[in-house]
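Asker: Here it is, the structure, as structure tokens.
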Amino acid sequence: MVLASVRFRVPESNWIGVFSRRHPELRLEYLSFAELDAHRSVADLWIGGGPPGGWAAELRRFDQVDRVDALAEVGGGCLYRLIFRNPPIVYLYRRLGVPLPLPIWVQAGSVRWEVVARAPEYARILEFGRSIDPKFRVVAVRRGPLPGHLPTLTPGQRRVLSAALAAGYFESPRRVTLGELARSLKRSRSALSETIAIIEERLLDSALGGRIFGPSPTG
């Protein structure tokens, strides 16, 4: 197993690359990420600097961004929830079945994140990175067993999490009740409550270990 920290320039075709180049002084950090459907994802993005919610209007102007909600002022910045069209890296990770460890850091058009993969998938990710940016860099690399604290969400649990994030269930105040969410998912209120409790427990365990949204070992 290979664990590496990689860095490359985000192409101009990606909205986060354009936004971060416009504002090189800003630090951006993806704190959560989940696929909504085949071509869209929902993520919580922390942007350091600026007034609370001050970047929402600009983010909404990108064609690839379908929705932006300013959630809260946190740690000298603001937390935003975005729904956006998937960049190519998401499809690559999906095909390889490789976890996308978080957080992912972006500043001044450069992105940095950790790769956790077996050697063949690691080589494919490096090949992709170099096709995007000839100056693609591996900042650090370590080989060894995969840490045992990756979360174990099943595909069904990940679908529930994606739907709950998109509907605003975890926002304060909530934009949807548990009952409304259960009806939209065609589940009983009690079963959904139990599923969400399991999801929250596993993600909390994962966050304390330093990783979020890893692959599930079971179906």
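Labels used: A, B, ... for chains in the order of the structure tokens, numbers from 1 for residues in each chain, and numbers from 1 for ligands as shown.
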Return as a Markdown table the residues of range 76-172 of chain A lying at most 6 Å from range 21-40 of chain A, together with the closest atom-to-atom pair for each and the distance in Å to one decimal, counting only C-alpha atoms, with rows in chain order and ascending residue number.
Answerer:
| residue | atom | partner | partner_atom | distance |
| --- | --- | --- | --- | --- |
| A:Phe84 | CA | A:Arg40 | CA | 5.5 |
| A:Arg85 | CA | A:Arg40 | CA | 4.5 |
| A:Asn86 | CA | A:Arg40 | CA | 5.2 |
| A:Pro103 | CA | A:Leu31 | CA | 5.1 |
| A:Ile104 | CA | A:Tyr30 | CA | 5.1 |
| A:Trp105 | CA | A:Glu29 | CA | 4.6 |
| A:Val106 | CA | A:Leu28 | CA | 5.0 |
| A:Gln107 | CA | A:Arg27 | CA | 5.3 |
| A:Ala108 | CA | A:Pro24 | CA | 4.0 |
| A:Gly109 | CA | A:Arg21 | CA | 4.9 |
| A:Ser162 | CA | A:Leu36 | CA | 5.5 |
Asker: Please save C-alpha atoms of the selected residues as a short mmCIF file (atom, residue, chain, number, x, y, z; two decimals), in the first residue's frame.
Answerer:
data_model
loop_
_atom_site.label_atom_id
_atom_site.label_comp_id
_atom_site.auth_asym_id
_atom_site.auth_seq_id
_atom_site.Cartn_x
_atom_site.Cartn_y
_atom_site.Cartn_z
CA PHE A 84 -21.26 20.82 -8.34
CA ARG A 85 -20.51 18.83 -11.46
CA ASN A 86 -17.81 16.23 -10.95
CA PRO A 103 -9.15 17.13 3.80
CA ILE A 104 -8.07 18.39 0.35
CA TRP A 105 -6.29 21.76 0.37
CA VAL A 106 -6.42 24.34 -2.42
CA GLN A 107 -4.63 27.67 -2.71
CA ALA A 108 -3.64 29.91 -5.64
CA GLY A 109 -4.68 27.29 -8.18
CA SER A 162 -25.35 12.12 0.24
#
Asker: Could you please write out, as an mmCIF file with N, CA and C atoms, in the first residue's frame, every residue of range 5-219 of chain A that DSSP assigns to strand (DSSP E)?
Answerer:
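In the end it all went to out-v1.cif:
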data_model
loop_
_atom_site.group_PDB
_atom_site.id
_atom_site.type_symbol
_atom_site.label_atom_id
_atom_site.label_comp_id
_atom_site.auth_asym_id
_atom_site.auth_seq_id
_atom_site.Cartn_x
_atom_site.Cartn_y
_atom_site.Cartn_z
ATOM 1 N N SER A 5 1.550 12.204 -0.396
ATOM 2 C CA SER A 5 0.987 13.545 -0.488
ATOM 3 C C SER A 5 1.393 14.115 -1.834
ATOM 4 N N VAL A 6 0.399 14.547 -2.633
ATOM 5 C CA VAL A 6 0.685 15.019 -3.988
ATOM 6 C C VAL A 6 0.172 16.445 -4.166
ATOM 7 N N ARG A 7 0.766 17.150 -5.118
ATOM 8 C CA ARG A 7 0.388 18.536 -5.392
ATOM 9 C C ARG A 7 0.436 18.780 -6.901
ATOM 10 N N PHE A 8 -0.596 19.456 -7.438
ATOM 11 C CA PHE A 8 -0.525 19.898 -8.822
ATOM 12 C C PHE A 8 -1.445 21.086 -9.057
ATOM 13 N N ARG A 9 -1.237 21.734 -10.192
ATOM 14 C CA ARG A 9 -2.034 22.890 -10.565
ATOM 15 C C ARG A 9 -3.376 22.435 -11.111
ATOM 16 N N ARG A 27 -7.203 30.496 1.577
ATOM 17 C CA ARG A 27 -6.973 29.073 1.801
ATOM 18 C C ARG A 27 -8.315 28.360 1.745
ATOM 19 N N LEU A 28 -8.384 27.294 0.965
ATOM 20 C CA LEU A 28 -9.611 26.525 0.812
ATOM 21 C C LEU A 28 -9.352 25.087 1.246
ATOM 22 N N GLU A 29 -10.349 24.509 1.880
ATOM 23 C CA GLU A 29 -10.177 23.151 2.398
ATOM 24 C C GLU A 29 -11.491 22.383 2.256
ATOM 25 N N TYR A 30 -11.454 21.295 1.483
ATOM 26 C CA TYR A 30 -12.599 20.385 1.398
ATOM 27 C C TYR A 30 -12.622 19.533 2.667
ATOM 28 N N LEU A 31 -13.722 19.632 3.414
ATOM 29 C CA LEU A 31 -13.845 18.890 4.668
ATOM 30 C C LEU A 31 -14.703 17.644 4.535
ATOM 31 N N SER A 32 -15.609 17.636 3.564
ATOM 32 C CA SER A 32 -16.427 16.448 3.303
ATOM 33 C C SER A 32 -16.718 16.396 1.819
ATOM 34 N N PHE A 33 -16.979 15.190 1.338
ATOM 35 C CA PHE A 33 -17.229 15.002 -0.087
ATOM 36 C C PHE A 33 -18.048 13.744 -0.254
ATOM 37 N N ALA A 34 -19.126 13.820 -1.036
ATOM 38 C CA ALA A 34 -19.943 12.638 -1.315
ATOM 39 C C ALA A 34 -20.603 12.807 -2.677
ATOM 40 N N GLU A 35 -20.670 11.724 -3.429
ATOM 41 C CA GLU A 35 -21.305 11.770 -4.738
ATOM 42 C C GLU A 35 -22.822 11.720 -4.589
ATOM 43 N N ARG A 40 -22.746 14.437 -10.243
ATOM 44 C CA ARG A 40 -22.710 15.558 -9.309
ATOM 45 C C ARG A 40 -22.279 15.082 -7.931
ATOM 46 N N SER A 41 -21.642 15.998 -7.206
ATOM 47 C CA SER A 41 -21.220 15.710 -5.840
ATOM 48 C C SER A 41 -21.606 16.857 -4.923
ATOM 49 N N VAL A 42 -21.627 16.581 -3.624
ATOM 50 C CA VAL A 42 -21.874 17.605 -2.613
ATOM 51 C C VAL A 42 -20.672 17.619 -1.685
ATOM 52 N N ALA A 43 -20.224 18.818 -1.325
ATOM 53 C CA ALA A 43 -19.037 18.934 -0.479
ATOM 54 C C ALA A 43 -19.175 20.117 0.451
ATOM 55 N N ASP A 44 -18.542 20.007 1.613
ATOM 56 C CA ASP A 44 -18.393 21.140 2.521
ATOM 57 C C ASP A 44 -17.008 21.729 2.298
ATOM 58 N N LEU A 45 -16.977 23.012 1.960
ATOM 59 C CA LEU A 45 -15.733 23.694 1.625
ATOM 60 C C LEU A 45 -15.523 24.860 2.577
ATOM 61 N N TRP A 46 -14.407 24.838 3.304
ATOM 62 C CA TRP A 46 -14.070 25.950 4.183
ATOM 63 C C TRP A 46 -13.175 26.911 3.424
ATOM 64 N N ILE A 47 -13.519 28.203 3.459
ATOM 65 C CA ILE A 47 -12.722 29.236 2.814
ATOM 66 C C ILE A 47 -12.265 30.208 3.885
ATOM 67 N N GLY A 48 -10.959 30.311 4.068
ATOM 68 C CA GLY A 48 -10.415 31.206 5.075
ATOM 69 C C GLY A 48 -10.278 32.621 4.551
ATOM 70 N N VAL A 65 -21.097 24.879 -10.850
ATOM 71 C CA VAL A 65 -21.641 24.884 -9.487
ATOM 72 C C VAL A 65 -23.152 25.042 -9.559
ATOM 73 N N ASP A 66 -23.881 24.044 -9.057
ATOM 74 C CA ASP A 66 -25.344 24.056 -9.112
ATOM 75 C C ASP A 66 -25.974 24.746 -7.912
ATOM 76 N N ARG A 67 -25.289 24.708 -6.773
ATOM 77 C CA ARG A 67 -25.895 25.272 -5.565
ATOM 78 C C ARG A 67 -24.812 25.621 -4.554
ATOM 79 N N VAL A 68 -25.013 26.719 -3.825
ATOM 80 C CA VAL A 68 -24.083 27.143 -2.773
ATOM 81 C C VAL A 68 -24.893 27.586 -1.564
ATOM 82 N N ASP A 69 -24.576 27.054 -0.400
ATOM 83 C CA ASP A 69 -25.168 27.497 0.859
ATOM 84 C C ASP A 69 -24.046 27.886 1.807
ATOM 85 N N ALA A 70 -24.128 29.076 2.378
ATOM 86 C CA ALA A 70 -23.186 29.490 3.417
ATOM 87 C C ALA A 70 -23.709 28.949 4.742
ATOM 88 N N LEU A 71 -22.905 28.121 5.424
ATOM 89 C CA LEU A 71 -23.382 27.423 6.615
ATOM 90 C C LEU A 71 -23.039 28.147 7.911
ATOM 91 N N ALA A 72 -21.767 28.507 8.078
ATOM 92 C CA ALA A 72 -21.372 29.070 9.373
ATOM 93 C C ALA A 72 -20.010 29.727 9.264
ATOM 94 N N GLU A 73 -19.763 30.694 10.163
ATOM 95 C CA GLU A 73 -18.449 31.297 10.286
ATOM 96 C C GLU A 73 -17.637 30.411 11.229
ATOM 97 N N VAL A 74 -16.495 29.934 10.743
ATOM 98 C CA VAL A 74 -15.690 28.983 11.509
ATOM 99 C C VAL A 74 -14.215 29.313 11.335
ATOM 100 N N GLY A 77 -12.846 31.936 8.915
ATOM 101 C CA GLY A 77 -13.357 31.795 7.553
ATOM 102 C C GLY A 77 -14.814 31.416 7.596
ATOM 103 N N CYS A 78 -15.295 30.862 6.492
ATOM 104 C CA CYS A 78 -16.706 30.476 6.421
ATOM 105 C C CYS A 78 -16.816 29.104 5.784
ATOM 106 N N LEU A 79 -17.760 28.323 6.279
ATOM 107 C CA LEU A 79 -18.029 26.993 5.749
ATOM 108 C C LEU A 79 -19.177 27.075 4.759
ATOM 109 N N TYR A 80 -18.956 26.533 3.555
ATOM 110 C CA TYR A 80 -19.960 26.525 2.500
ATOM 111 C C TYR A 80 -20.279 25.084 2.115
ATOM 112 N N ARG A 81 -21.531 24.865 1.742
ATOM 113 C CA ARG A 81 -21.909 23.566 1.164
ATOM 114 C C ARG A 81 -22.233 23.790 -0.307
ATOM 115 N N LEU A 82 -21.573 23.023 -1.166
ATOM 116 C CA LEU A 82 -21.733 23.186 -2.603
ATOM 117 C C LEU A 82 -22.167 21.887 -3.258
ATOM 118 N N ILE A 83 -23.027 22.010 -4.258
ATOM 119 C CA ILE A 83 -23.341 20.914 -5.174
ATOM 120 C C ILE A 83 -22.774 21.317 -6.526
ATOM 121 N N PHE A 84 -21.961 20.443 -7.125
ATOM 122 C CA PHE A 84 -21.257 20.818 -8.343
ATOM 123 C C PHE A 84 -21.054 19.609 -9.241
ATOM 124 N N ARG A 85 -20.806 19.875 -10.510
ATOM 125 C CA ARG A 85 -20.505 18.827 -11.464
ATOM 126 C C ARG A 85 -19.144 18.225 -11.193
ATOM 127 N N ILE A 104 -8.803 18.026 1.561
ATOM 128 C CA ILE A 104 -8.071 18.389 0.355
ATOM 129 C C ILE A 104 -7.863 19.896 0.423
ATOM 130 N N TRP A 105 -6.623 20.340 0.221
ATOM 131 C CA TRP A 105 -6.287 21.758 0.366
ATOM 132 C C TRP A 105 -6.081 22.389 -1.007
ATOM 133 N N VAL A 106 -6.583 23.604 -1.167
ATOM 134 C CA VAL A 106 -6.415 24.339 -2.424
ATOM 135 C C VAL A 106 -5.989 25.765 -2.094
ATOM 136 N N GLN A 107 -5.005 26.269 -2.836
ATOM 137 C CA GLN A 107 -4.625 27.674 -2.714
ATOM 138 C C GLN A 107 -3.911 28.106 -3.981
ATOM 139 N N SER A 110 -3.401 25.681 -6.870
ATOM 140 C CA SER A 110 -2.749 24.400 -6.620
ATOM 141 C C SER A 110 -3.556 23.597 -5.613
ATOM 142 N N VAL A 111 -3.621 22.296 -5.833
ATOM 143 C CA VAL A 111 -4.357 21.415 -4.937
ATOM 144 C C VAL A 111 -3.382 20.409 -4.333
ATOM 145 N N ARG A 112 -3.635 20.040 -3.081
ATOM 146 C CA ARG A 112 -2.810 19.037 -2.396
ATOM 147 C C ARG A 112 -3.711 18.083 -1.635
ATOM 148 N N TRP A 113 -3.465 16.802 -1.791
ATOM 149 C CA TRP A 113 -4.198 15.828 -1.003
ATOM 150 C C TRP A 113 -3.376 14.554 -0.869
ATOM 151 N N GLU A 114 -3.882 13.635 -0.070
ATOM 152 C CA GLU A 114 -3.190 12.372 0.160
ATOM 153 C C GLU A 114 -3.770 11.294 -0.735
ATOM 154 N N VAL A 115 -2.905 10.494 -1.296
ATOM 155 C CA VAL A 115 -3.298 9.320 -2.068
ATOM 156 C C VAL A 115 -3.060 8.090 -1.196
ATOM 157 N N VAL A 116 -4.098 7.265 -1.079
ATOM 158 C CA VAL A 116 -3.974 6.009 -0.342
ATOM 159 C C VAL A 116 -4.415 4.912 -1.293
ATOM 160 N N ALA A 117 -3.465 4.133 -1.820
ATOM 161 C CA ALA A 117 -3.805 3.174 -2.867
ATOM 162 C C ALA A 117 -2.754 2.082 -2.964
ATOM 163 N N ARG A 137 3.776 17.105 -8.564
ATOM 164 C CA ARG A 137 4.810 16.731 -7.605
ATOM 165 C C ARG A 137 4.278 15.764 -6.562
ATOM 166 N N VAL A 138 5.099 14.800 -6.199
ATOM 167 C CA VAL A 138 4.853 13.958 -5.025
ATOM 168 C C VAL A 138 5.622 14.590 -3.887
ATOM 169 N N VAL A 139 4.897 15.147 -2.913
ATOM 170 C CA VAL A 139 5.527 15.872 -1.814
ATOM 171 C C VAL A 139 6.143 14.917 -0.806
ATOM 172 N N ALA A 140 5.447 13.821 -0.532
ATOM 173 C CA ALA A 140 5.949 12.824 0.424
ATOM 174 C C ALA A 140 5.320 11.489 0.083
ATOM 175 N N VAL A 141 6.016 10.409 0.384
ATOM 176 C CA VAL A 141 5.487 9.084 0.087
ATOM 177 C C VAL A 141 5.919 8.113 1.177
ATOM 178 N N ARG A 142 5.035 7.197 1.474
ATOM 179 C CA ARG A 142 5.334 6.141 2.447
ATOM 180 C C ARG A 142 4.655 4.869 1.982
ATOM 181 N N ARG A 143 5.310 3.757 2.128
ATOM 182 C CA ARG A 143 4.741 2.464 1.767
ATOM 183 C C ARG A 143 4.560 1.636 3.030
#
Asker: For the structure I just gave you, how does DSSP split range 20-67 of chain A - specifically, which residues are alpha helix (DSSP H)? Reply as a ChimeraX atom specification.
Answerer: /A:20-22,56-60
Asker: Measuring between only C-alpha atoms, which one of A:Ala163, A:Gly75, A:Phe128, A:Phe136 shows the shortest distance to Ser184 in chain A?
Answerer: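 Counting only C-alpha atoms, the residue closest to Ser184 in chain A is A:Ala163.
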Asker: Separation of CA of Arg60 in chain A and CA of Ile16 in chain A, in Å?
Answerer: 11.8 Å
Asker: What does the structure give for the distance between CA of Ile125 in chain A and CA of Phe62 in chain A, in Å to one decimal?
Answerer: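 Interatomic distance, CA of Ile125 in chain A to CA of Phe62 in chain A: 26.6 Å.
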Asker: Mind checking which residues fall within 12 Å of Thr177 in chain A, counting only C-alpha atoms, ignoring those fewer than 5 positions away in the same chain, and posting them as a PyMOL selection string?
Answerer: chain A and resi 164+167-172+182-184+189+192-193
Asker: Please save C-alpha atoms of the selected residues as a PDB file, in the first residue's frame.
Answerer:
ATOM      1  CA  ALA A 164     -29.070  14.082   3.804  1.00  0.00           C
ATOM      2  CA  ALA A 167     -31.305  18.146   1.549  1.00  0.00           C
ATOM      3  CA  GLY A 168     -29.740  20.188   4.354  1.00  0.00           C
ATOM      4  CA  TYR A 169     -30.477  17.728   7.158  1.00  0.00           C
ATOM      5  CA  PHE A 170     -27.175  18.470   8.925  1.00  0.00           C
ATOM      6  CA  GLU A 171     -27.468  22.245   8.670  1.00  0.00           C
ATOM      7  CA  SER A 172     -28.411  24.451  11.618  1.00  0.00           C
ATOM      8  CA  ALA A 182     -37.472   9.514   5.289  1.00  0.00           C
ATOM      9  CA  ARG A 183     -40.376  10.050   2.905  1.00  0.00           C
ATOM     10  CA  SER A 184     -38.078  11.252   0.115  1.00  0.00           C
ATOM     11  CA  ARG A 189     -38.541   7.255  10.149  1.00  0.00           C
ATOM     12  CA  LEU A 192     -33.568   6.178   8.824  1.00  0.00           C
ATOM     13  CA  SER A 193     -32.840   7.523  12.309  1.00  0.00           C
TER      14      SER A 193
END
